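Raw my_file-v4.cif, mmCIF, C-alpha atoms; chains and numbers go by the auth columns:
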data_query
#
loop_
_atom_site.group_PDB
_atom_site.id
_atom_site.type_symbol
_atom_site.label_atom_id
_atom_site.label_comp_id
_atom_site.label_asym_id
_atom_site.label_seq_id
_atom_site.Cartn_x
_atom_site.Cartn_y
_atom_site.Cartn_z
_atom_site.B_iso_or_equiv
_atom_site.auth_seq_id
_atom_site.auth_asym_id
ATOM 1 C CA MET A 1 74.482 125.219 -107.667 0.00 1 A
ATOM 2 C CA ALA A 2 72.611 128.366 -108.707 0.00 2 A
ATOM 3 C CA ASP A 3 74.071 131.515 -110.244 0.00 3 A
ATOM 4 C CA THR A 4 77.261 132.462 -108.403 0.00 4 A
ATOM 5 C CA ASP A 5 78.223 135.781 -109.966 0.00 5 A
ATOM 6 C CA GLY A 6 79.509 137.168 -106.655 0.00 6 A
ATOM 7 C CA ALA A 7 76.743 139.744 -106.266 0.00 7 A
ATOM 8 C CA ARG A 8 75.780 140.545 -102.715 0.00 8 A
ATOM 9 C CA PRO A 9 72.310 139.237 -101.878 0.00 9 A
ATOM 10 C CA THR A 10 69.808 141.884 -100.839 0.00 10 A
ATOM 11 C CA ILE A 11 67.544 139.513 -98.905 0.00 11 A
ATOM 12 C CA VAL A 12 69.147 137.321 -96.240 0.00 12 A
ATOM 13 C CA PRO A 13 66.946 135.049 -94.119 0.00 13 A
ATOM 14 C CA THR A 14 68.087 134.984 -90.497 0.00 14 A
ATOM 15 C CA LEU A 15 67.234 132.185 -88.084 0.00 15 A
ATOM 16 C CA LEU A 16 67.917 131.388 -84.444 0.00 16 A
ATOM 17 C CA TYR A 17 68.363 127.820 -83.238 0.00 17 A
ATOM 18 C CA ALA A 18 68.436 126.178 -79.825 0.00 18 A
ATOM 19 C CA ASP A 19 71.357 124.118 -81.179 0.00 19 A
ATOM 20 C CA ALA A 20 72.983 126.313 -83.821 0.00 20 A
ATOM 21 C CA LYS A 21 75.999 123.999 -84.134 0.00 21 A
ATOM 22 C CA ALA A 22 73.720 121.122 -85.126 0.00 22 A
ATOM 23 C CA ALA A 23 71.921 123.439 -87.573 0.00 23 A
ATOM 24 C CA VAL A 24 75.196 124.424 -89.253 0.00 24 A
ATOM 25 C CA ARG A 25 76.193 120.769 -89.470 0.00 25 A
ATOM 26 C CA GLN A 26 72.876 119.724 -91.048 0.00 26 A
ATOM 27 C CA LEU A 27 72.707 122.655 -93.457 0.00 27 A
ATOM 28 C CA THR A 28 76.247 122.004 -94.709 0.00 28 A
ATOM 29 C CA GLU A 29 76.274 118.199 -94.691 0.00 29 A
ATOM 30 C CA ALA A 30 72.710 117.402 -95.783 0.00 30 A
ATOM 31 C CA PHE A 31 71.790 120.472 -97.812 0.00 31 A
ATOM 32 C CA GLY A 32 75.152 121.494 -99.268 0.00 32 A
ATOM 33 C CA PHE A 33 75.509 124.991 -97.822 0.00 33 A
ATOM 34 C CA ARG A 34 79.048 126.402 -97.533 0.00 34 A
ATOM 35 C CA THR A 35 80.152 128.049 -94.285 0.00 35 A
ATOM 36 C CA LEU A 36 81.287 131.618 -94.977 0.00 36 A
ATOM 37 C CA ALA A 37 81.649 132.688 -91.352 0.00 37 A
ATOM 38 C CA LEU A 38 81.219 131.052 -87.960 0.00 38 A
ATOM 39 C CA TYR A 39 81.704 132.914 -84.691 0.00 39 A
ATOM 40 C CA GLU A 40 81.390 131.332 -81.254 0.00 40 A
ATOM 41 C CA ASP A 41 81.492 132.744 -77.750 0.00 41 A
ATOM 42 C CA GLY A 42 83.742 131.424 -74.985 0.00 42 A
ATOM 43 C CA ASP A 43 81.214 128.700 -74.154 0.00 43 A
ATOM 44 C CA GLY A 44 81.108 127.451 -77.753 0.00 44 A
ATOM 45 C CA ALA A 45 77.644 128.861 -78.580 0.00 45 A
ATOM 46 C CA VAL A 46 77.282 130.134 -82.139 0.00 46 A
ATOM 47 C CA THR A 47 76.933 133.900 -81.936 0.00 47 A
ATOM 48 C CA HIS A 48 76.771 134.384 -85.719 0.00 48 A
ATOM 49 C CA ALA A 49 77.123 132.182 -88.792 0.00 49 A
ATOM 50 C CA GLU A 50 76.792 132.880 -92.491 0.00 50 A
ATOM 51 C CA LEU A 51 76.097 129.992 -94.864 0.00 51 A
ATOM 52 C CA ALA A 52 75.942 130.230 -98.649 0.00 52 A
ATOM 53 C CA GLN A 53 74.032 128.313 -101.287 0.00 53 A
ATOM 54 C CA GLY A 54 74.747 129.610 -104.781 0.00 54 A
ATOM 55 C CA ASN A 55 74.731 133.410 -104.511 0.00 55 A
ATOM 56 C CA GLY A 56 72.295 133.388 -101.567 0.00 56 A
ATOM 57 C CA VAL A 57 73.150 133.570 -97.894 0.00 57 A
ATOM 58 C CA VAL A 58 71.391 132.643 -94.686 0.00 58 A
ATOM 59 C CA MET A 59 72.553 133.944 -91.305 0.00 59 A
ATOM 60 C CA LEU A 60 71.947 132.085 -88.078 0.00 60 A
ATOM 61 C CA GLY A 61 72.865 132.015 -84.425 0.00 61 A
ATOM 62 C CA SER A 62 71.989 130.550 -81.059 0.00 62 A
ATOM 63 C CA LYS A 63 68.741 131.326 -79.249 0.00 63 A
ATOM 64 C CA GLY A 64 68.901 132.824 -75.783 0.00 64 A
ATOM 65 C CA ARG A 65 71.910 135.094 -76.305 0.00 65 A
ATOM 66 C CA GLY A 66 70.049 138.317 -75.542 0.00 66 A
ATOM 67 C CA GLY A 67 69.741 141.422 -77.650 0.00 67 A
ATOM 68 C CA ALA A 68 66.919 142.945 -79.656 0.00 68 A
ATOM 69 C CA PHE A 69 66.761 140.252 -82.371 0.00 69 A
ATOM 70 C CA ASP A 70 66.813 137.387 -79.878 0.00 70 A
ATOM 71 C CA THR A 71 64.035 139.091 -77.889 0.00 71 A
ATOM 72 C CA ALA A 72 61.945 139.717 -81.017 0.00 72 A
ATOM 73 C CA MET A 73 62.339 136.100 -82.148 0.00 73 A
ATOM 74 C CA LYS A 74 61.630 134.592 -78.703 0.00 74 A
ATOM 75 C CA ASP A 75 58.140 133.307 -79.515 0.00 75 A
ATOM 76 C CA ALA A 76 58.510 133.104 -83.302 0.00 76 A
ATOM 77 C CA GLY A 77 57.515 129.877 -84.985 0.00 77 A
ATOM 78 C CA PRO A 78 59.426 127.978 -87.626 0.00 78 A
ATOM 79 C CA ALA A 79 60.462 129.829 -90.770 0.00 79 A
ATOM 80 C CA ALA A 80 60.583 128.716 -94.389 0.00 80 A
ATOM 81 C CA ALA A 81 62.981 129.459 -97.238 0.00 81 A
ATOM 82 C CA TYR A 82 63.199 128.496 -100.908 0.00 82 A
ATOM 83 C CA ILE A 83 66.684 127.765 -102.245 0.00 83 A
ATOM 84 C CA VAL A 84 67.453 127.548 -105.967 0.00 84 A
ATOM 85 C CA VAL A 85 69.495 124.504 -107.008 0.00 85 A
ATOM 86 C CA GLU A 86 70.448 123.204 -110.465 0.00 86 A
ATOM 87 C CA ASP A 87 69.504 119.556 -109.859 0.00 87 A
ATOM 88 C CA ALA A 88 66.732 118.956 -107.323 0.00 88 A
ATOM 89 C CA ASP A 89 67.034 115.170 -107.589 0.00 89 A
ATOM 90 C CA ALA A 90 70.769 115.089 -106.825 0.00 90 A
ATOM 91 C CA HIS A 91 70.296 117.609 -104.025 0.00 91 A
ATOM 92 C CA HIS A 92 67.458 115.514 -102.594 0.00 92 A
ATOM 93 C CA ALA A 93 69.594 112.350 -102.739 0.00 93 A
ATOM 94 C CA ARG A 94 72.285 114.064 -100.648 0.00 94 A
ATOM 95 C CA ALA A 95 69.710 115.209 -98.077 0.00 95 A
ATOM 96 C CA VAL A 96 68.233 111.704 -97.821 0.00 96 A
ATOM 97 C CA GLU A 97 71.706 110.186 -97.463 0.00 97 A
ATOM 98 C CA GLN A 98 72.339 112.501 -94.503 0.00 98 A
ATOM 99 C CA GLY A 99 69.035 111.575 -92.846 0.00 99 A
ATOM 100 C CA ALA A 100 67.100 114.795 -93.461 0.00 100 A
ATOM 101 C CA GLU A 101 63.342 114.678 -92.892 0.00 101 A
ATOM 102 C CA ILE A 102 61.778 114.926 -96.351 0.00 102 A
ATOM 103 C CA LEU A 103 58.266 116.399 -96.479 0.00 103 A
ATOM 104 C CA MET A 104 57.828 116.197 -100.259 0.00 104 A
ATOM 105 C CA PRO A 105 60.020 114.242 -102.704 0.00 105 A
ATOM 106 C CA PRO A 106 61.248 115.886 -105.921 0.00 106 A
ATOM 107 C CA THR A 107 58.112 116.907 -107.793 0.00 107 A
ATOM 108 C CA ASP A 108 57.503 118.652 -111.117 0.00 108 A
ATOM 109 C CA GLN A 109 55.469 121.815 -110.526 0.00 109 A
ATOM 110 C CA ASP A 110 52.951 123.444 -112.910 0.00 110 A
ATOM 111 C CA TYR A 111 55.132 126.582 -113.108 0.00 111 A
ATOM 112 C CA GLY A 112 58.104 124.655 -114.519 0.00 112 A
ATOM 113 C CA SER A 113 60.125 123.956 -111.399 0.00 113 A
ATOM 114 C CA ARG A 114 61.219 120.639 -109.980 0.00 114 A
ATOM 115 C CA ASP A 115 61.530 120.883 -106.220 0.00 115 A
ATOM 116 C CA TYR A 116 61.384 119.072 -102.900 0.00 116 A
ATOM 117 C CA MET A 117 60.741 120.078 -99.319 0.00 117 A
ATOM 118 C CA ALA A 118 62.516 119.169 -96.071 0.00 118 A
ATOM 119 C CA ARG A 119 62.301 120.061 -92.388 0.00 119 A
ATOM 120 C CA ASP A 120 65.442 120.866 -90.405 0.00 120 A
ATOM 121 C CA LEU A 121 66.169 119.660 -86.887 0.00 121 A
ATOM 122 C CA GLU A 122 64.220 122.538 -85.298 0.00 122 A
ATOM 123 C CA GLY A 123 61.170 122.594 -87.550 0.00 123 A
ATOM 124 C CA ASN A 124 62.129 125.159 -90.212 0.00 124 A
ATOM 125 C CA ILE A 125 61.004 124.282 -93.733 0.00 125 A
ATOM 126 C CA TRP A 126 63.520 124.328 -96.571 0.00 126 A
ATOM 127 C CA SER A 127 62.344 123.998 -100.173 0.00 127 A
ATOM 128 C CA PHE A 128 64.973 123.341 -102.837 0.00 128 A
ATOM 129 C CA GLY A 129 64.151 123.628 -106.521 0.00 129 A
ATOM 130 C CA THR A 130 65.030 124.759 -109.996 0.00 130 A
ATOM 131 C CA TYR A 131 62.722 127.802 -110.202 0.00 131 A
ATOM 132 C CA ALA A 132 64.767 131.010 -110.092 0.00 132 A
ATOM 133 C CA PRO A 133 62.710 134.211 -110.062 0.00 133 A
ATOM 134 C CA ARG A 134 64.127 137.042 -112.155 0.00 134 A
ATOM 135 C CA VAL A 135 64.179 140.624 -110.960 0.00 135 A
ATOM 136 C CA PRO A 136 63.840 143.015 -113.916 0.00 136 A
ATOM 137 C CA ASP A 137 66.492 145.716 -114.276 0.00 137 A
#

Is it possible to express this structure as structure tokens?
Amino acid sequence: MADTDGARPTIVPTLLYADAKAAVRQLTEAFGFRTLALYEDGDGAVTHAELAQGNGVVMLGSKGRGGAFDTAMKDAGPAAAYIVVEDADAHHARAVEQGAEILMPPTDQDYGSRDYMARDLEGNIWSFGTYAPRVPD
């Protein structure tokens, strides 16, 4: 996947799902994320999960657990994230094989990227492509 130099990401998208277990399953099986951490409560609800793709991380958990973040996100709509991958076509093929809803097939973009777009089980939009922004030192 993308650069994996071990640096800690400084931006980490965080999402809440009605069915966080299904989200973890789809993100790992269809989109190739690796599970770094997965914590559940006594009822089996996901209280916190960390999934990695390259050197990026997304955190997620179950809706309706209470707390300030859950309250703030109560009426939030779907979110979107762009994930850098080395081979958008191979990544897309895996997503299709796992039954992911594809919104845009792999497409060459004017700015030099090749990317595709998918929707997860709860409406969040995930774009995967080869464009990797650089942050100057």

Next on the checklist: So that I can see what lies close to stretch 49-54 of chain A, please list as a PyMOL selection string the residues with an atom at most 12 Å from it, counting all atoms listed in the file and leaving out residues fewer than 6 positions away in the same chain.
Outcome noted: chain A and resi 1-9+12-17+20-21+23-29+31-41+60-62+81-86+91+128+132

Checklist entry - Using only C-alpha atoms, which of A:Val96, A:Ile102, A:Ala88, A:Ala22 sits nearest A:Arg114? => result A:Ala88

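In this model, the gap between atom CA of A:Pro105 and atom CA of A:Arg119 comes to 12.1 Å.
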
Item to check | atom CA of A:His48 to atom CA of A:Ile125, distance in Å rounded to a single decimal | outcome: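 We find that atom CA of A:His48 and atom CA of A:Ile125 lie 20.4 Å from each other.
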
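In this structure, atom CA of A:Asp108 sits 16.0 Å away from atom CA of A:Ala93.
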
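Once the PyMOL selection byres ((chain A and resi 113) around 9) is applied to this file, the selection holds Thr107, Asp108, Gln109, Asp110, Tyr111, Gly112, Arg114, Asp115, Gly129, Thr130, Tyr131 and Ala132 of chain A.
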
Check what the PyMOL selection byres ((chain A and resi 76) around 12) selects in the file above and give those residues as a PDB file with C-alpha atoms, in the coordinates of the input.
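What landed in selection01.pdb:
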ATOM      1  CA  LEU A  15      67.234 132.185 -88.084  1.00  0.00           C
ATOM      2  CA  LEU A  16      67.917 131.388 -84.444  1.00  0.00           C
ATOM      3  CA  TYR A  17      68.363 127.820 -83.238  1.00  0.00           C
ATOM      4  CA  LYS A  63      68.741 131.326 -79.249  1.00  0.00           C
ATOM      5  CA  PHE A  69      66.761 140.252 -82.371  1.00  0.00           C
ATOM      6  CA  ASP A  70      66.813 137.387 -79.878  1.00  0.00           C
ATOM      7  CA  THR A  71      64.035 139.091 -77.889  1.00  0.00           C
ATOM      8  CA  ALA A  72      61.945 139.717 -81.017  1.00  0.00           C
ATOM      9  CA  MET A  73      62.339 136.100 -82.148  1.00  0.00           C
ATOM     10  CA  LYS A  74      61.630 134.592 -78.703  1.00  0.00           C
ATOM     11  CA  ASP A  75      58.140 133.307 -79.515  1.00  0.00           C
ATOM     12  CA  GLY A  77      57.515 129.877 -84.985  1.00  0.00           C
ATOM     13  CA  PRO A  78      59.426 127.978 -87.626  1.00  0.00           C
ATOM     14  CA  ALA A  79      60.462 129.829 -90.770  1.00  0.00           C
ATOM     15  CA  GLY A 123      61.170 122.594 -87.550  1.00  0.00           C
ATOM     16  CA  ASN A 124      62.129 125.159 -90.212  1.00  0.00           C
TER      17      ASN A 124
END

Next on the checklist: Restricting the calculation to all atoms listed in the file: of A:Val57, A:Ala30, A:Asp87, A:Trp126, which residue gets closest to A:Gly99?
Outcome noted: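 Closest to A:Gly99 of all the choices is A:Ala30.
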
Would you save stretch 68-118 of chain A from the block above with N, CA and C atoms, as a PDB file, in the first residue's frame?
ATOM      1  N   ALA A  68     -19.542  12.618  24.854  1.00  0.00           N
ATOM      2  CA  ALA A  68     -19.557  13.870  24.107  1.00  0.00           C
ATOM      3  C   ALA A  68     -19.473  13.649  22.596  1.00  0.00           C
ATOM      4  N   PHE A  69     -18.586  12.753  22.141  1.00  0.00           N
ATOM      5  CA  PHE A  69     -18.435  12.535  20.700  1.00  0.00           C
ATOM      6  C   PHE A  69     -19.690  11.918  20.108  1.00  0.00           C
ATOM      7  N   ASP A  70     -20.241  10.927  20.781  1.00  0.00           N
ATOM      8  CA  ASP A  70     -21.469  10.283  20.309  1.00  0.00           C
ATOM      9  C   ASP A  70     -22.600  11.308  20.213  1.00  0.00           C
ATOM     10  N   THR A  71     -22.704  12.172  21.214  1.00  0.00           N
ATOM     11  CA  THR A  71     -23.741  13.214  21.214  1.00  0.00           C
ATOM     12  C   THR A  71     -23.517  14.188  20.065  1.00  0.00           C
ATOM     13  N   ALA A  72     -22.270  14.604  19.849  1.00  0.00           N
ATOM     14  CA  ALA A  72     -21.970  15.559  18.783  1.00  0.00           C
ATOM     15  C   ALA A  72     -22.239  14.960  17.403  1.00  0.00           C
ATOM     16  N   MET A  73     -22.037  13.672  17.255  1.00  0.00           N
ATOM     17  CA  MET A  73     -22.204  13.005  15.964  1.00  0.00           C
ATOM     18  C   MET A  73     -23.626  12.502  15.726  1.00  0.00           C
ATOM     19  N   LYS A  74     -24.513  12.677  16.699  1.00  0.00           N
ATOM     20  CA  LYS A  74     -25.860  12.097  16.638  1.00  0.00           C
ATOM     21  C   LYS A  74     -26.576  12.356  15.315  1.00  0.00           C
ATOM     22  N   ASP A  75     -26.584  13.583  14.843  1.00  0.00           N
ATOM     23  CA  ASP A  75     -27.308  13.916  13.623  1.00  0.00           C
ATOM     24  C   ASP A  75     -26.383  14.175  12.439  1.00  0.00           C
ATOM     25  N   ALA A  76     -25.118  13.762  12.561  1.00  0.00           N
ATOM     26  CA  ALA A  76     -24.163  13.979  11.472  1.00  0.00           C
ATOM     27  C   ALA A  76     -24.504  13.075  10.292  1.00  0.00           C
ATOM     28  N   GLY A  77     -24.236  13.568   9.117  1.00  0.00           N
ATOM     29  CA  GLY A  77     -24.459  12.777   7.908  1.00  0.00           C
ATOM     30  C   GLY A  77     -23.260  11.908   7.612  1.00  0.00           C
ATOM     31  N   PRO A  78     -23.283  11.254   6.459  1.00  0.00           N
ATOM     32  CA  PRO A  78     -22.139  10.435   6.073  1.00  0.00           C
ATOM     33  C   PRO A  78     -20.878  11.280   5.951  1.00  0.00           C
ATOM     34  N   ALA A  79     -19.746  10.642   6.095  1.00  0.00           N
ATOM     35  CA  ALA A  79     -18.447  11.293   5.958  1.00  0.00           C
ATOM     36  C   ALA A  79     -17.762  10.755   4.706  1.00  0.00           C
ATOM     37  N   ALA A  80     -16.659  11.381   4.329  1.00  0.00           N
ATOM     38  CA  ALA A  80     -15.887  10.914   3.191  1.00  0.00           C
ATOM     39  C   ALA A  80     -14.411  10.960   3.530  1.00  0.00           C
ATOM     40  N   ALA A  81     -13.650  10.022   2.981  1.00  0.00           N
ATOM     41  CA  ALA A  81     -12.204   9.995   3.192  1.00  0.00           C
ATOM     42  C   ALA A  81     -11.527   9.540   1.911  1.00  0.00           C
ATOM     43  N   TYR A  82     -10.324  10.052   1.672  1.00  0.00           N
ATOM     44  CA  TYR A  82      -9.502   9.651   0.540  1.00  0.00           C
ATOM     45  C   TYR A  82      -8.332   8.849   1.088  1.00  0.00           C
ATOM     46  N   ILE A  83      -8.112   7.662   0.529  1.00  0.00           N
ATOM     47  CA  ILE A  83      -7.068   6.763   0.992  1.00  0.00           C
ATOM     48  C   ILE A  83      -6.102   6.514  -0.166  1.00  0.00           C
ATOM     49  N   VAL A  84      -4.812   6.724   0.090  1.00  0.00           N
ATOM     50  CA  VAL A  84      -3.794   6.515  -0.934  1.00  0.00           C
ATOM     51  C   VAL A  84      -3.457   5.031  -1.028  1.00  0.00           C
ATOM     52  N   VAL A  85      -3.498   4.506  -2.248  1.00  0.00           N
ATOM     53  CA  VAL A  85      -3.121   3.117  -2.522  1.00  0.00           C
ATOM     54  C   VAL A  85      -2.158   3.107  -3.711  1.00  0.00           C
ATOM     55  N   GLU A  86      -1.344   2.063  -3.812  1.00  0.00           N
ATOM     56  CA  GLU A  86      -0.372   1.981  -4.910  1.00  0.00           C
ATOM     57  C   GLU A  86      -1.027   1.594  -6.220  1.00  0.00           C
ATOM     58  N   ASP A  87      -2.026   0.713  -6.179  1.00  0.00           N
ATOM     59  CA  ASP A  87      -2.640   0.177  -7.394  1.00  0.00           C
ATOM     60  C   ASP A  87      -4.161   0.249  -7.250  1.00  0.00           C
ATOM     61  N   ALA A  88      -4.749   1.297  -7.804  1.00  0.00           N
ATOM     62  CA  ALA A  88      -6.195   1.505  -7.666  1.00  0.00           C
ATOM     63  C   ALA A  88      -6.991   0.390  -8.336  1.00  0.00           C
ATOM     64  N   ASP A  89      -6.495  -0.147  -9.432  1.00  0.00           N
ATOM     65  CA  ASP A  89      -7.230  -1.200 -10.138  1.00  0.00           C
ATOM     66  C   ASP A  89      -7.282  -2.490  -9.322  1.00  0.00           C
ATOM     67  N   ALA A  90      -6.160  -2.890  -8.752  1.00  0.00           N
ATOM     68  CA  ALA A  90      -6.130  -4.101  -7.920  1.00  0.00           C
ATOM     69  C   ALA A  90      -6.979  -3.904  -6.665  1.00  0.00           C
ATOM     70  N   HIS A  91      -6.891  -2.720  -6.082  1.00  0.00           N
ATOM     71  CA  HIS A  91      -7.679  -2.426  -4.885  1.00  0.00           C
ATOM     72  C   HIS A  91      -9.167  -2.484  -5.211  1.00  0.00           C
ATOM     73  N   HIS A  92      -9.538  -1.899  -6.345  1.00  0.00           N
ATOM     74  CA  HIS A  92     -10.924  -1.905  -6.805  1.00  0.00           C
ATOM     75  C   HIS A  92     -11.410  -3.342  -7.016  1.00  0.00           C
ATOM     76  N   ALA A  93     -10.585  -4.179  -7.642  1.00  0.00           N
ATOM     77  CA  ALA A  93     -10.971  -5.564  -7.904  1.00  0.00           C
ATOM     78  C   ALA A  93     -11.292  -6.291  -6.598  1.00  0.00           C
ATOM     79  N   ARG A  94     -10.507  -6.055  -5.568  1.00  0.00           N
ATOM     80  CA  ARG A  94     -10.768  -6.667  -4.258  1.00  0.00           C
ATOM     81  C   ARG A  94     -12.106  -6.192  -3.706  1.00  0.00           C
ATOM     82  N   ALA A  95     -12.364  -4.890  -3.794  1.00  0.00           N
ATOM     83  CA  ALA A  95     -13.618  -4.329  -3.279  1.00  0.00           C
ATOM     84  C   ALA A  95     -14.819  -4.922  -4.013  1.00  0.00           C
ATOM     85  N   VAL A  96     -14.718  -5.023  -5.330  1.00  0.00           N
ATOM     86  CA  VAL A  96     -15.801  -5.602  -6.133  1.00  0.00           C
ATOM     87  C   VAL A  96     -16.018  -7.062  -5.745  1.00  0.00           C
ATOM     88  N   GLU A  97     -14.933  -7.799  -5.591  1.00  0.00           N
ATOM     89  CA  GLU A  97     -15.024  -9.214  -5.214  1.00  0.00           C
ATOM     90  C   GLU A  97     -15.761  -9.399  -3.887  1.00  0.00           C
ATOM     91  N   GLN A  98     -15.610  -8.436  -2.985  1.00  0.00           N
ATOM     92  CA  GLN A  98     -16.260  -8.510  -1.679  1.00  0.00           C
ATOM     93  C   GLN A  98     -17.655  -7.885  -1.678  1.00  0.00           C
ATOM     94  N   GLY A  99     -18.117  -7.410  -2.826  1.00  0.00           N
ATOM     95  CA  GLY A  99     -19.476  -6.897  -2.935  1.00  0.00           C
ATOM     96  C   GLY A  99     -19.662  -5.442  -2.549  1.00  0.00           C
ATOM     97  N   ALA A 100     -18.587  -4.675  -2.500  1.00  0.00           N
ATOM     98  CA  ALA A 100     -18.702  -3.255  -2.143  1.00  0.00           C
ATOM     99  C   ALA A 100     -19.477  -2.500  -3.220  1.00  0.00           C
ATOM    100  N   GLU A 101     -20.226  -1.486  -2.792  1.00  0.00           N
ATOM    101  CA  GLU A 101     -20.957  -0.634  -3.726  1.00  0.00           C
ATOM    102  C   GLU A 101     -19.974   0.360  -4.354  1.00  0.00           C
ATOM    103  N   ILE A 102     -19.754   0.244  -5.625  1.00  0.00           N
ATOM    104  CA  ILE A 102     -18.814   1.113  -6.339  1.00  0.00           C
ATOM    105  C   ILE A 102     -19.594   2.282  -6.942  1.00  0.00           C
ATOM    106  N   LEU A 103     -19.157   3.498  -6.650  1.00  0.00           N
ATOM    107  CA  LEU A 103     -19.810   4.695  -7.171  1.00  0.00           C
ATOM    108  C   LEU A 103     -19.120   5.221  -8.420  1.00  0.00           C
ATOM    109  N   MET A 104     -17.810   4.944  -8.541  1.00  0.00           N
ATOM    110  CA  MET A 104     -17.048   5.353  -9.712  1.00  0.00           C
ATOM    111  C   MET A 104     -15.943   4.317  -9.906  1.00  0.00           C
ATOM    112  N   PRO A 105     -15.839   3.718 -11.095  1.00  0.00           N
ATOM    113  CA  PRO A 105     -14.775   2.743 -11.333  1.00  0.00           C
ATOM    114  C   PRO A 105     -13.420   3.449 -11.396  1.00  0.00           C
ATOM    115  N   PRO A 106     -12.325   2.696 -11.405  1.00  0.00           N
ATOM    116  CA  PRO A 106     -11.011   3.331 -11.532  1.00  0.00           C
ATOM    117  C   PRO A 106     -10.970   4.258 -12.747  1.00  0.00           C
ATOM    118  N   THR A 107     -10.559   5.493 -12.485  1.00  0.00           N
ATOM    119  CA  THR A 107     -10.594   6.553 -13.488  1.00  0.00           C
ATOM    120  C   THR A 107      -9.324   7.372 -13.398  1.00  0.00           C
ATOM    121  N   ASP A 108      -8.717   7.684 -14.548  1.00  0.00           N
ATOM    122  CA  ASP A 108      -7.564   8.574 -14.581  1.00  0.00           C
ATOM    123  C   ASP A 108      -8.057  10.004 -14.400  1.00  0.00           C
ATOM    124  N   GLN A 109      -7.439  10.727 -13.469  1.00  0.00           N
ATOM    125  CA  GLN A 109      -7.827  12.102 -13.173  1.00  0.00           C
ATOM    126  C   GLN A 109      -6.854  13.083 -13.845  1.00  0.00           C
ATOM    127  N   ASP A 110      -7.315  14.310 -14.089  1.00  0.00           N
ATOM    128  CA  ASP A 110      -6.487  15.336 -14.729  1.00  0.00           C
ATOM    129  C   ASP A 110      -5.234  15.668 -13.919  1.00  0.00           C
ATOM    130  N   TYR A 111      -5.288  15.487 -12.606  1.00  0.00           N
ATOM    131  CA  TYR A 111      -4.158  15.839 -11.736  1.00  0.00           C
ATOM    132  C   TYR A 111      -3.186  14.676 -11.537  1.00  0.00           C
ATOM    133  N   GLY A 112      -3.325  13.614 -12.364  1.00  0.00           N
ATOM    134  CA  GLY A 112      -2.342  12.544 -12.356  1.00  0.00           C
ATOM    135  C   GLY A 112      -2.672  11.335 -11.514  1.00  0.00           C
ATOM    136  N   SER A 113      -3.785  11.332 -10.851  1.00  0.00           N
ATOM    137  CA  SER A 113      -4.165  10.203 -10.011  1.00  0.00           C
ATOM    138  C   SER A 113      -5.031   9.220 -10.791  1.00  0.00           C
ATOM    139  N   ARG A 114      -5.038   8.006 -10.345  1.00  0.00           N
ATOM    140  CA  ARG A 114      -6.014   7.016 -10.810  1.00  0.00           C
ATOM    141  C   ARG A 114      -6.756   6.598  -9.557  1.00  0.00           C
ATOM    142  N   ASP A 115      -8.061   6.809  -9.529  1.00  0.00           N
ATOM    143  CA  ASP A 115      -8.804   6.482  -8.316  1.00  0.00           C
ATOM    144  C   ASP A 115     -10.207   5.981  -8.618  1.00  0.00           C
ATOM    145  N   TYR A 116     -10.816   5.426  -7.561  1.00  0.00           N
ATOM    146  CA  TYR A 116     -12.208   4.973  -7.637  1.00  0.00           C
ATOM    147  C   TYR A 116     -12.908   5.350  -6.347  1.00  0.00           C
ATOM    148  N   MET A 117     -14.225   5.254  -6.363  1.00  0.00           N
ATOM    149  CA  MET A 117     -15.019   5.670  -5.217  1.00  0.00           C
ATOM    150  C   MET A 117     -16.027   4.580  -4.862  1.00  0.00           C
ATOM    151  N   ALA A 118     -16.197   4.360  -3.551  1.00  0.00           N
ATOM    152  CA  ALA A 118     -17.137   3.354  -3.054  1.00  0.00           C
ATOM    153  C   ALA A 118     -17.916   3.910  -1.871  1.00  0.00           C
TER     154      ALA A 118
END
